[in-house]
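Student: Sharing my_file25.csv here; it has CSV, C-alpha atoms and all ligand atoms.
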chain,number,residue,atom,x,y,z
C,1,MET,CA,-47.2,-107.3,-79.9
C,2,ALA,CA,-47.5,-103.5,-79.6
C,3,LEU,CA,-43.8,-103.2,-80.4
C,4,LEU,CA,-44.2,-105.4,-83.4
C,5,ARG,CA,-47.1,-103.3,-84.5
C,6,PHE,CA,-45.1,-100.2,-84.2
C,7,GLY,CA,-42.2,-101.8,-85.9
C,8,LEU,CA,-44.3,-102.7,-88.9
C,9,HIS,CA,-45.8,-99.2,-89.0
C,10,ALA,CA,-42.4,-97.7,-88.8
C,11,ILE,CA,-41.1,-99.8,-91.6
C,12,THR,CA,-44.1,-98.9,-93.8
C,13,THR,CA,-43.6,-95.3,-92.9
C,14,LEU,CA,-39.9,-95.5,-93.7
C,15,LEU,CA,-40.5,-97.2,-97.1
C,16,ALA,CA,-43.0,-94.5,-98.0
C,17,PHE,CA,-40.6,-91.8,-96.7
C,18,GLY,CA,-37.9,-93.1,-98.9
C,19,ALA,CA,-40.2,-93.0,-101.9
C,20,ALA,CA,-41.2,-89.4,-101.0
C,21,LEU,CA,-37.5,-88.4,-100.9
C,22,ALA,CA,-37.3,-89.3,-104.6
C,23,ALA,CA,-40.3,-87.1,-105.4
C,24,PRO,CA,-39.1,-83.7,-106.4
C,25,GLY,CA,-42.2,-81.9,-105.1
C,26,LEU,CA,-41.3,-82.8,-101.6
C,27,LEU,CA,-37.6,-81.9,-101.7
C,28,MET,CA,-37.0,-80.2,-98.4
C,29,LYS,CA,-36.2,-76.5,-98.2
C,30,ARG,CA,-33.6,-75.3,-95.8
C,31,GLN,CA,-34.6,-71.9,-94.5
C,32,ALA,CA,-33.1,-69.4,-92.0
C,33,VAL,CA,-32.6,-70.1,-88.4
C,34,SER,CA,-31.9,-67.6,-85.6
C,35,SER,CA,-30.8,-68.0,-82.0
C,36,VAL,CA,-33.2,-67.6,-79.1
C,37,SER,CA,-31.8,-65.6,-76.2
C,38,GLN,CA,-31.8,-67.0,-72.6
C,39,SER,CA,-34.4,-64.3,-71.6
C,40,GLN,CA,-36.7,-65.4,-74.4
C,41,ILE,CA,-36.2,-69.0,-73.4
C,42,ASP,CA,-37.0,-68.2,-69.8
C,43,SER,CA,-40.2,-66.3,-70.9
C,44,TYR,CA,-41.6,-69.7,-72.0
C,45,THR,CA,-41.0,-71.3,-68.6
C,46,PRO,CA,-44.4,-70.5,-67.0
C,47,ILE,CA,-46.2,-71.7,-70.1
C,48,THR,CA,-44.1,-74.9,-70.1
C,49,HIS,CA,-45.3,-75.6,-66.6
C,50,TYR,CA,-48.9,-75.0,-67.6
C,51,ALA,CA,-48.5,-77.5,-70.4
C,52,SER,CA,-46.9,-80.0,-68.0
C,53,ALA,CA,-49.6,-79.4,-65.4
C,54,GLY,CA,-52.1,-80.4,-68.0
C,55,TYR,CA,-51.1,-84.0,-67.0
C,56,CYS,CA,-52.0,-83.4,-63.4
C,57,GLN,CA,-55.4,-84.4,-61.9
C,58,PRO,CA,-57.8,-81.5,-62.1
C,59,SER,CA,-58.5,-82.0,-58.4
C,60,ALA,CA,-54.8,-81.5,-57.6
C,61,THR,CA,-54.5,-78.3,-59.7
C,62,LEU,CA,-57.8,-77.0,-58.3
C,63,ALA,CA,-56.4,-77.4,-54.8
C,64,TRP,CA,-53.2,-75.8,-56.0
C,65,ASN,CA,-51.4,-79.0,-55.0
C,66,CYS,CA,-49.9,-80.4,-58.2
C,67,GLY,CA,-46.2,-80.3,-57.1
C,68,ALA,CA,-43.5,-78.6,-59.1
C,69,ASN,CA,-45.7,-77.2,-61.8
C,70,CYS,CA,-48.1,-75.6,-59.3
C,71,GLN,CA,-45.2,-74.2,-57.2
C,72,ALA,CA,-43.6,-72.7,-60.3
C,73,ASN,CA,-46.7,-70.6,-61.1
C,74,PRO,CA,-47.8,-69.7,-57.6
C,75,SER,CA,-50.1,-66.8,-58.5
C,76,PHE,CA,-52.3,-68.6,-61.0
C,77,HIS,CA,-56.0,-69.1,-60.3
C,78,PRO,CA,-57.5,-72.5,-61.2
C,79,VAL,CA,-60.9,-71.8,-62.8
C,80,ALA,CA,-62.4,-75.0,-64.1
C,81,SER,CA,-61.7,-78.3,-65.7
C,82,GLY,CA,-63.6,-80.6,-67.9
C,83,GLY,CA,-63.3,-82.8,-70.9
C,84,ASP,CA,-64.7,-85.8,-72.5
C,85,GLY,CA,-61.9,-88.3,-73.1
C,86,VAL,CA,-59.4,-85.5,-73.1
C,87,VAL,CA,-58.9,-83.5,-69.9
C,88,VAL,CA,-58.9,-79.7,-70.3
C,89,GLN,CA,-58.0,-77.4,-67.5
C,90,PHE,CA,-58.6,-73.6,-67.3
C,91,TRP,CA,-56.6,-71.2,-65.2
C,92,TYR,CA,-56.1,-67.5,-65.0
C,93,ASP,CA,-52.6,-66.0,-64.8
C,94,PRO,CA,-52.6,-62.5,-63.3
C,95,ASN,CA,-49.0,-61.9,-64.5
C,96,LEU,CA,-49.6,-62.7,-68.1
C,97,LYS,CA,-53.2,-61.3,-67.7
C,98,THR,CA,-54.5,-64.2,-69.7
C,99,VAL,CA,-56.8,-67.2,-69.4
C,100,VAL,CA,-54.7,-70.4,-69.8
C,101,VAL,CA,-56.2,-73.4,-71.4
C,102,SER,CA,-54.1,-76.5,-71.0
C,103,ILE,CA,-55.0,-79.7,-72.8
C,104,GLN,CA,-53.8,-83.0,-71.5
C,105,GLY,CA,-51.6,-85.1,-73.8
C,106,THR,CA,-51.0,-88.8,-73.7
C,107,GLN,CA,-48.2,-91.4,-73.6
C,108,PRO,CA,-46.0,-91.5,-76.7
C,109,SER,CA,-47.1,-95.2,-77.1
C,110,ALA,CA,-50.7,-94.0,-77.3
C,111,ILE,CA,-50.2,-91.2,-79.8
C,112,LEU,CA,-47.8,-93.1,-82.1
C,113,PRO,CA,-50.6,-95.4,-83.6
C,114,LEU,CA,-52.6,-92.2,-84.4
C,115,LEU,CA,-49.6,-90.9,-86.3
C,116,THR,CA,-48.3,-94.0,-88.1
C,117,ASP,CA,-51.5,-95.8,-89.0
C,118,SER,CA,-51.5,-96.5,-92.7
C,119,ASP,CA,-55.1,-95.3,-93.0
C,120,ILE,CA,-54.7,-91.8,-91.6
C,121,GLN,CA,-57.6,-89.7,-92.8
C,122,LEU,CA,-57.3,-86.0,-93.6
C,123,THR,CA,-60.7,-84.4,-93.3
C,124,SER,CA,-62.1,-81.0,-94.1
C,125,LEU,CA,-62.8,-78.8,-91.0
C,126,ALA,CA,-65.6,-77.2,-93.0
C,127,LEU,CA,-67.6,-80.5,-92.9
C,128,ASP,CA,-68.6,-79.4,-89.4
C,129,PRO,CA,-69.9,-75.9,-90.2
C,130,ILE,CA,-71.1,-75.4,-86.6
C,131,LEU,CA,-67.7,-75.8,-85.2
C,132,PHE,CA,-65.8,-74.3,-88.2
C,133,PRO,CA,-68.1,-71.9,-90.0
C,134,GLY,CA,-66.8,-70.2,-93.2
C,135,LEU,CA,-63.6,-72.2,-93.6
C,136,ASP,CA,-62.5,-73.2,-97.1
C,137,LEU,CA,-63.3,-76.9,-97.8
C,138,SER,CA,-59.6,-77.4,-98.8
C,139,ILE,CA,-58.4,-76.9,-95.2
C,140,LEU,CA,-57.9,-80.5,-93.9
C,141,ALA,CA,-56.8,-81.9,-90.6
C,142,HIS,CA,-56.2,-85.4,-89.1
C,143,GLN,CA,-59.5,-87.0,-88.4
C,144,GLY,CA,-58.4,-88.3,-85.0
C,145,PHE,CA,-57.5,-84.8,-83.8
C,146,ILE,CA,-60.7,-83.4,-85.3
C,147,SER,CA,-62.8,-85.9,-83.3
C,148,ALA,CA,-60.8,-85.3,-80.1
C,149,HIS,CA,-61.2,-81.5,-80.5
C,150,ALA,CA,-65.0,-81.8,-81.2
C,151,MET,CA,-65.5,-83.6,-77.9
C,152,SER,CA,-64.3,-80.7,-75.8
C,153,ALA,CA,-65.0,-77.8,-78.2
C,154,THR,CA,-68.3,-76.3,-76.9
C,155,ASP,CA,-67.2,-76.8,-73.2
C,156,ILE,CA,-64.0,-74.9,-73.9
C,157,LEU,CA,-65.8,-72.1,-75.6
C,158,SER,CA,-68.2,-71.5,-72.7
C,159,ALA,CA,-65.4,-71.8,-70.1
C,160,VAL,CA,-63.3,-69.3,-72.0
C,161,GLN,CA,-66.3,-66.9,-72.3
C,162,THR,CA,-67.1,-67.2,-68.5
C,163,THR,CA,-63.5,-66.7,-67.6
C,164,PHE,CA,-63.2,-63.6,-69.8
C,165,SER,CA,-66.0,-61.9,-68.0
C,166,GLN,CA,-64.8,-63.1,-64.6
C,167,PHE,CA,-61.3,-61.6,-65.0
C,168,SER,CA,-62.1,-58.8,-67.5
C,169,THR,CA,-59.7,-60.0,-70.1
C,170,SER,CA,-59.9,-61.1,-73.7
C,171,ARG,CA,-56.6,-62.9,-73.8
C,172,VAL,CA,-56.4,-66.7,-74.0
C,173,LEU,CA,-53.2,-68.8,-74.1
C,174,LEU,CA,-53.7,-72.3,-75.5
C,175,THR,CA,-51.1,-74.8,-74.6
C,176,GLY,CA,-50.5,-78.5,-74.4
C,177,HIS,CA,-48.0,-81.3,-75.2
C,178,SER,CA,-48.1,-84.1,-77.7
C,179,LEU,CA,-51.8,-85.0,-78.5
C,180,GLY,CA,-52.7,-82.0,-76.3
C,181,ALA,CA,-50.7,-79.7,-78.5
C,182,ALA,CA,-52.4,-81.0,-81.6
C,183,ILE,CA,-55.9,-80.5,-80.1
C,184,ALA,CA,-54.9,-77.0,-78.8
C,185,LEU,CA,-53.8,-76.0,-82.3
C,186,LEU,CA,-57.3,-76.8,-83.6
C,187,HIS,CA,-58.7,-74.6,-80.8
C,188,SER,CA,-56.5,-71.8,-82.0
C,189,VAL,CA,-58.4,-71.9,-85.3
C,190,TYR,CA,-61.8,-72.6,-83.6
C,191,ILE,CA,-61.9,-70.0,-80.8
C,192,PRO,CA,-61.4,-66.9,-83.0
C,193,LEU,CA,-64.2,-68.1,-85.3
C,194,HIS,CA,-66.6,-67.9,-82.4
C,195,ILE,CA,-65.1,-65.1,-80.2
C,196,PRO,CA,-63.7,-62.7,-82.7
C,197,SER,CA,-62.6,-60.3,-80.0
C,198,ALA,CA,-60.4,-63.1,-78.3
C,199,GLN,CA,-56.7,-62.5,-78.4
C,200,VAL,CA,-55.5,-66.0,-78.8
C,201,THR,CA,-51.8,-67.1,-78.4
C,202,TYR,CA,-50.7,-70.7,-79.0
C,203,VAL,CA,-47.6,-72.4,-77.6
C,204,GLY,CA,-47.4,-76.1,-78.1
C,205,TYR,CA,-44.7,-78.7,-77.2
C,206,GLY,CA,-43.8,-81.9,-79.1
C,207,LEU,CA,-46.5,-81.0,-81.7
C,208,PRO,CA,-47.2,-83.7,-84.3
C,209,ARG,CA,-48.3,-82.5,-87.8
C,210,VAL,CA,-52.0,-81.6,-87.6
C,211,GLY,CA,-53.2,-80.7,-91.0
C,212,ASN,CA,-52.5,-80.3,-94.7
C,213,GLN,CA,-50.7,-77.4,-96.6
C,214,ASP,CA,-53.9,-75.3,-96.7
C,215,PHE,CA,-54.3,-75.8,-92.9
C,216,ALA,CA,-50.7,-74.7,-92.3
C,217,ASP,CA,-51.1,-71.7,-94.6
C,218,TYR,CA,-54.4,-70.7,-92.8
C,219,VAL,CA,-52.6,-70.8,-89.5
C,220,ASP,CA,-49.7,-68.8,-90.9
C,221,ALA,CA,-52.1,-66.2,-92.5
C,222,HIS,CA,-53.6,-65.6,-89.0
C,223,ALA,CA,-50.3,-65.5,-87.1
C,224,SER,CA,-50.3,-61.8,-86.8
C,225,VAL,CA,-53.4,-62.0,-84.6
C,226,THR,CA,-53.0,-65.5,-83.4
C,227,PRO,CA,-49.3,-66.2,-82.9
C,228,VAL,CA,-48.3,-69.8,-83.0
C,229,THR,CA,-45.1,-71.2,-81.5
C,230,HIS,CA,-44.3,-74.9,-81.5
C,231,ILE,CA,-41.3,-76.1,-79.5
C,232,ASN,CA,-39.8,-79.5,-80.1
C,233,ASN,CA,-36.9,-81.2,-78.4
C,234,GLN,CA,-33.7,-82.9,-79.9
C,235,GLU,CA,-34.5,-86.2,-81.6
C,236,ASP,CA,-38.2,-86.4,-80.8
C,237,PRO,CA,-39.8,-88.3,-83.7
C,238,ILE,CA,-43.4,-87.2,-83.0
C,239,PRO,CA,-43.0,-83.8,-84.6
C,240,ILE,CA,-42.0,-85.4,-88.0
C,241,LEU,CA,-45.2,-87.5,-88.0
C,242,PRO,CA,-47.4,-88.0,-89.8
C,243,GLY,CA,-45.1,-87.7,-92.8
C,244,ARG,CA,-45.2,-85.0,-95.4
C,245,PHE,CA,-45.7,-87.6,-98.1
C,246,LEU,CA,-49.1,-88.2,-96.5
C,247,GLY,CA,-50.0,-84.6,-97.1
C,248,PHE,CA,-49.3,-83.2,-93.6
C,249,HIS,CA,-47.5,-79.9,-93.1
C,250,HIS,CA,-46.5,-77.9,-90.0
C,251,PRO,CA,-47.3,-74.2,-89.8
C,252,SER,CA,-44.4,-71.8,-89.2
C,253,GLY,CA,-43.4,-70.9,-85.6
C,254,GLU,CA,-41.0,-73.8,-84.8
C,255,ILE,CA,-38.4,-73.6,-82.1
C,256,HIS,CA,-36.1,-76.6,-82.0
C,257,ILE,CA,-34.0,-77.5,-79.0
C,258,GLN,CA,-30.5,-78.7,-80.0
C,259,ASP,CA,-28.5,-81.5,-78.5
C,260,SER,CA,-26.5,-78.7,-76.8
C,261,LEU,CA,-29.9,-77.6,-75.3
C,262,ALA,CA,-29.6,-74.3,-77.1
C,263,TRP,CA,-33.0,-73.1,-78.6
C,264,VAL,CA,-33.1,-72.1,-82.3
C,265,ALA,CA,-36.0,-70.4,-84.0
C,266,CYS,CA,-36.7,-72.0,-87.4
C,267,ALA,CA,-38.2,-69.7,-90.1
C,268,GLY,CA,-41.0,-71.0,-92.4
C,269,GLN,CA,-42.8,-74.3,-92.5
C,270,ASP,CA,-41.0,-77.7,-92.1
C,271,ASN,CA,-37.6,-76.0,-92.2
C,272,ALA,CA,-35.1,-78.6,-93.4
C,273,ASN,CA,-32.1,-76.9,-91.8
C,274,THR,CA,-30.2,-79.4,-89.6
C,275,GLU,CA,-30.8,-77.1,-86.6
C,276,CYS,CA,-34.6,-77.8,-87.1
C,277,ILE,CA,-36.6,-81.0,-86.4
C,278,VAL,CA,-37.1,-81.9,-90.1
C,279,GLY,CA,-33.4,-81.6,-90.8
C,280,ASP,CA,-32.3,-83.0,-87.5
C,281,VAL,CA,-34.5,-86.2,-87.4
C,282,SER,CA,-34.2,-87.6,-90.9
C,283,ASN,CA,-36.8,-90.4,-90.3
C,284,PRO,CA,-38.8,-91.7,-87.4
C,285,LEU,CA,-36.3,-94.6,-86.8
C,286,ALA,CA,-33.6,-91.9,-86.3
C,287,GLY,CA,-35.6,-90.4,-83.5
C,288,ASN,CA,-35.5,-91.0,-79.8
C,289,LEU,CA,-39.0,-91.1,-78.1
C,290,THR,CA,-37.3,-90.3,-74.7
C,291,ASP,CA,-36.9,-86.7,-76.1
C,292,HIS,CA,-40.6,-86.3,-76.5
C,293,ASP,CA,-41.2,-85.4,-72.9
C,294,GLY,CA,-38.3,-83.0,-72.7
C,295,PRO,CA,-36.4,-81.4,-71.1
C,296,TYR,CA,-37.9,-78.1,-72.3
C,297,ASN,CA,-35.5,-75.7,-70.5
C,298,GLY,CA,-35.2,-78.1,-67.7
C,299,ILE,CA,-38.9,-79.1,-67.5
C,300,GLU,CA,-40.1,-82.6,-68.2
C,301,MET,CA,-43.7,-83.0,-69.3
C,302,GLY,CA,-45.9,-85.0,-66.9
C,303,CYS,CA,-47.2,-84.6,-63.4
C,401,LIG,C1,-32.3,-91.3,-76.1
C,401,LIG,O1,-32.3,-90.1,-75.3
C,401,LIG,C2,-31.9,-90.3,-73.9
C,401,LIG,C3,-32.1,-88.9,-73.2
C,401,LIG,O2,-31.4,-87.9,-74.0
C,401,LIG,C4,-30.6,-90.9,-73.8
C,401,LIG,O3,-30.2,-91.1,-72.5
C,401,LIG,C5,-30.5,-92.2,-74.6
C,401,LIG,O4,-29.2,-92.7,-74.6
C,401,LIG,C6,-31.0,-92.0,-76.0
C,401,LIG,N1,-31.0,-93.2,-76.7
C,401,LIG,C7,-30.4,-93.5,-77.9
C,401,LIG,C8,-30.7,-94.8,-78.4
C,401,LIG,O5,-29.7,-92.6,-78.4
Show me, as structure tokens, the structure contained in the file I just sent.
Ligand SMILES: *[C@@H]1O[C@H](CO)[C@@H](O)[C@H](O)[C@H]1NC(C)=O
Tutor:
Amino acid sequence: MALLRFGLHAITTLLAFGAALAAPGLLMKRQAVSSVSQSQIDSYTPITHYASAGYCQPSATLAWNCGANCQANPSFHPVASGGDGVVVQFWYDPNLKTVVVSIQGTQPSAILPLLTDSDIQLTSLALDPILFPGLDLSILAHQGFISAHAMSATDILSAVQTTFSQFSTSRVLLTGHSLGAAIALLHSVYIPLHIPSAQVTYVGYGLPRVGNQDFADYVDAHASVTPVTHINNQEDPIPILPGRFLGFHHPSGEIHIQDSLAWVACAGQDNANTECIVGDVSNPLAGNLTDHDGPYNGIEMGC
């Protein structure tokens, strides 16, 4: 039944995708790509483990007993965990001198309906002026991600503030995989609005599209103070969903892992170069969900 539902969604998506290809406004732009050195790739490894450890039980990470992901980052200090529906964990990394906020993702089968439902709503972030004060009304994001973000927003803010004073830092690294990456991207917009002194960095894995063109442009416009990197793997279909024909766009900052496992940095938004996800995975049916969990430089997401 679930498969049939997904099949129907996929076919609807595919039909609309075909129609979109015919629309000149959505013709895809191939932009520059550049290689990522092995030392740059390796610099993401601790972050990848933090994203993966987001799937572990908070009790296990608090006790420093979450298996490979905990062993990989032996010096981190678990600080707190919380979440309402979505588990959020807070750590302090003395090497990176940053607070780490890792937001738990979900099974591909659970996120797919959110991305392929025919009634996906794009909603203005400014409709919640308490969470997103001063944003332009034209900045829209996926209603499901906005709701999930709102459930943990104030908890995250107070935990970040507490951890900043505890460790005398103003750096925060937001990470997550899949749904967690999407929620974390909204936090990268949210946290600087409330803690202007925070130095926020975002690294997401298997990120679906979160918002509209104005959202992507807002993220790009703040990238010099809030750098955004989103890493996607081989034929993972999640990062090409929801479709651009539904009004969704990625911000810049993509790194795409090739079938050869080489990492390539893709300039611009939704770069259609065949070495980037939009050019590599022509439609959701050409994707392979197995690639969603990794490997990201040898690391599979999950605990
Ligand atoms: C999907 O990816 C996995 C892992 O790379 C691979 O083993 C499998 O053969 C792929 N499936 C298809 C249908 O290509």
Student: Contacts of Met28 (chain C) at 10 Å or less, counting all atoms listed in the file, minus same-chain residues fewer than 6 places along, as a VMD selection string?
Tutor: chain C and resid 21 244 270 to 273 278 to 279
Student: Please build the interface table for chain C against ligand LIG 401 (chain C) with a cut-off of 12 Å, listing for each qualifying residue the nearest atom pair and the distance in Å to one decimal; count all atoms listed in the file, order rows by chain and increasing number, and write it as JSON lines.
Tutor:
{"residue": "C:Asn233", "atom": "CA", "partner": "C:LIG401", "partner_atom": "O2", "distance": 9.7}
{"residue": "C:Gln234", "atom": "CA", "partner": "C:LIG401", "partner_atom": "O2", "distance": 8.1}
{"residue": "C:Glu235", "atom": "CA", "partner": "C:LIG401", "partner_atom": "O1", "distance": 7.7}
{"residue": "C:Asp236", "atom": "CA", "partner": "C:LIG401", "partner_atom": "O1", "distance": 8.9}
{"residue": "C:Pro237", "atom": "CA", "partner": "C:LIG401", "partner_atom": "C1", "distance": 11.1}
{"residue": "C:Ile257", "atom": "CA", "partner": "C:LIG401", "partner_atom": "O2", "distance": 11.8}
{"residue": "C:Gln258", "atom": "CA", "partner": "C:LIG401", "partner_atom": "O2", "distance": 11.0}
{"residue": "C:Asp259", "atom": "CA", "partner": "C:LIG401", "partner_atom": "O2", "distance": 8.3}
{"residue": "C:Ser260", "atom": "CA", "partner": "C:LIG401", "partner_atom": "O2", "distance": 10.8}
{"residue": "C:Leu261", "atom": "CA", "partner": "C:LIG401", "partner_atom": "O2", "distance": 10.5}
{"residue": "C:Leu285", "atom": "CA", "partner": "C:LIG401", "partner_atom": "C8", "distance": 10.1}
{"residue": "C:Ala286", "atom": "CA", "partner": "C:LIG401", "partner_atom": "O5", "distance": 8.8}
{"residue": "C:Gly287", "atom": "CA", "partner": "C:LIG401", "partner_atom": "O5", "distance": 8.1}
{"residue": "C:Asn288", "atom": "CA", "partner": "C:LIG401", "partner_atom": "C1", "distance": 4.9}
{"residue": "C:Leu289", "atom": "CA", "partner": "C:LIG401", "partner_atom": "C1", "distance": 7.0}
{"residue": "C:Thr290", "atom": "CA", "partner": "C:LIG401", "partner_atom": "O1", "distance": 5.0}
{"residue": "C:Asp291", "atom": "CA", "partner": "C:LIG401", "partner_atom": "O1", "distance": 5.8}
{"residue": "C:His292", "atom": "CA", "partner": "C:LIG401", "partner_atom": "O1", "distance": 9.2}
{"residue": "C:Asp293", "atom": "CA", "partner": "C:LIG401", "partner_atom": "C3", "distance": 9.8}
{"residue": "C:Gly294", "atom": "CA", "partner": "C:LIG401", "partner_atom": "O2", "distance": 8.6}
{"residue": "C:Pro295", "atom": "CA", "partner": "C:LIG401", "partner_atom": "O2", "distance": 8.7}
{"residue": "C:Tyr296", "atom": "CA", "partner": "C:LIG401", "partner_atom": "O2", "distance": 11.9}
{"residue": "C:Glu300", "atom": "CA", "partner": "C:LIG401", "partner_atom": "C3", "distance": 11.3}
Student: Using all atoms listed in the file, find the one residue out of C:Asn95, C:Thr229, C:Ser109, C:Ser152 that sits nearest to Leu131 (chain C).
Tutor: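 So, comparing all the options, the nearest one is C:Ser152.
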Student: Using all atoms listed in the file, determine which residues lie at most 7 Å from Gly302 (chain C), disregarding the query and same-chain residues fewer than 6 positions distant; provide the list as a PDB file with C-alpha atoms, in the coordinates of the input.
Tutor:
ATOM      1  CA  SER C  52     -46.900 -80.000 -68.000  1.00  0.00           C
ATOM      2  CA  ALA C  53     -49.600 -79.400 -65.400  1.00  0.00           C
ATOM      3  CA  TYR C  55     -51.100 -84.000 -67.000  1.00  0.00           C
TER       4      TYR C  55
END
Student: For Phe76 (chain C), please output as a VMD selection string all residues within 9 Å (counting all atoms listed in the file; exclusion window: fewer than 2 positions along the same chain).
Tutor: chain C and resid 64 70 73 to 74 78 91 to 95
Student: In Å, rounded to a single decimal, give me how far CA of His77 (chain C) is from CA of Pro58 (chain C).
Tutor: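 Taking CA of Pro58 (chain C) and CA of His77 (chain C), their separation equals 12.7 Å.
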Student: Suppose you want the space between CA of Ala221 (chain C) and CA of Ile139 (chain C); what is it in Å?
Tutor: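 Interatomic distance here is 12.7 Å.
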Student: Please measure the separation of CA of His249 (chain C) and CA of Leu115 (chain C), giving the value in Å to one decimal.
Tutor: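 Result for CA of His249 (chain C) versus CA of Leu115 (chain C): 13.1 Å, one decimal.
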Student: May I have the residues within 9 Å of Val99 (chain C) as a PyMOL selection string, using only C-alpha atoms and disregarding those fewer than 5 positions away in the same chain?
Tutor: chain C and resi 90-94+160+163-164+167+169-174
Student: Choose the residue, out of C:Gly180, C:Gly253, C:Gly206, C:Pro192, that has the smallest atom-to-atom separation from Leu157 (chain C); count only C-alpha atoms.
Tutor: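 Closest to Leu157 (chain C), using only C-alpha atoms: C:Pro192.
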Student: Point out the residue among C:Gly54, C:Pro133, C:Gly144, C:Pro251 with the least atom-to-atom distance to Pro113 (chain C), counting all atoms listed in the file.
Tutor: C:Gly144
Student: In terms of the shortest atom-to-atom distance over all atoms listed in the file, which of C:Leu207, C:His194, C:Thr61, C:His230 is closest to Pro129 (chain C)?
Tutor: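 Selected residue with least distance to Pro129 (chain C): C:His194.
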Student: Have a look at C:Tyr44, C:Pro108, C:Ser75, C:Val86 and name the one nearest to Gln57 (chain C); count only C-alpha atoms.
Tutor: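 Counting only C-alpha atoms, the residue closest to Gln57 (chain C) is C:Val86.
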Student: With all atoms listed in the file as the atoms that count, which of C:Ile183, C:Ala223, C:Cys266, C:Ile111 lies nearest to Thr201 (chain C)?
Tutor: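 Looking only at the distances to Thr201 (chain C), the closest residue turns out to be C:Ala223.
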Student: I want to know what sits within 10 Å of region 120-124 of chain C, based on all atoms listed in the file, with residues of the same chain fewer than 4 positions away left out; could you give that as number ranges by chain?
Tutor: C: 113-116, 128, 132, 135-146, 210-212, 215, 242, 246-248
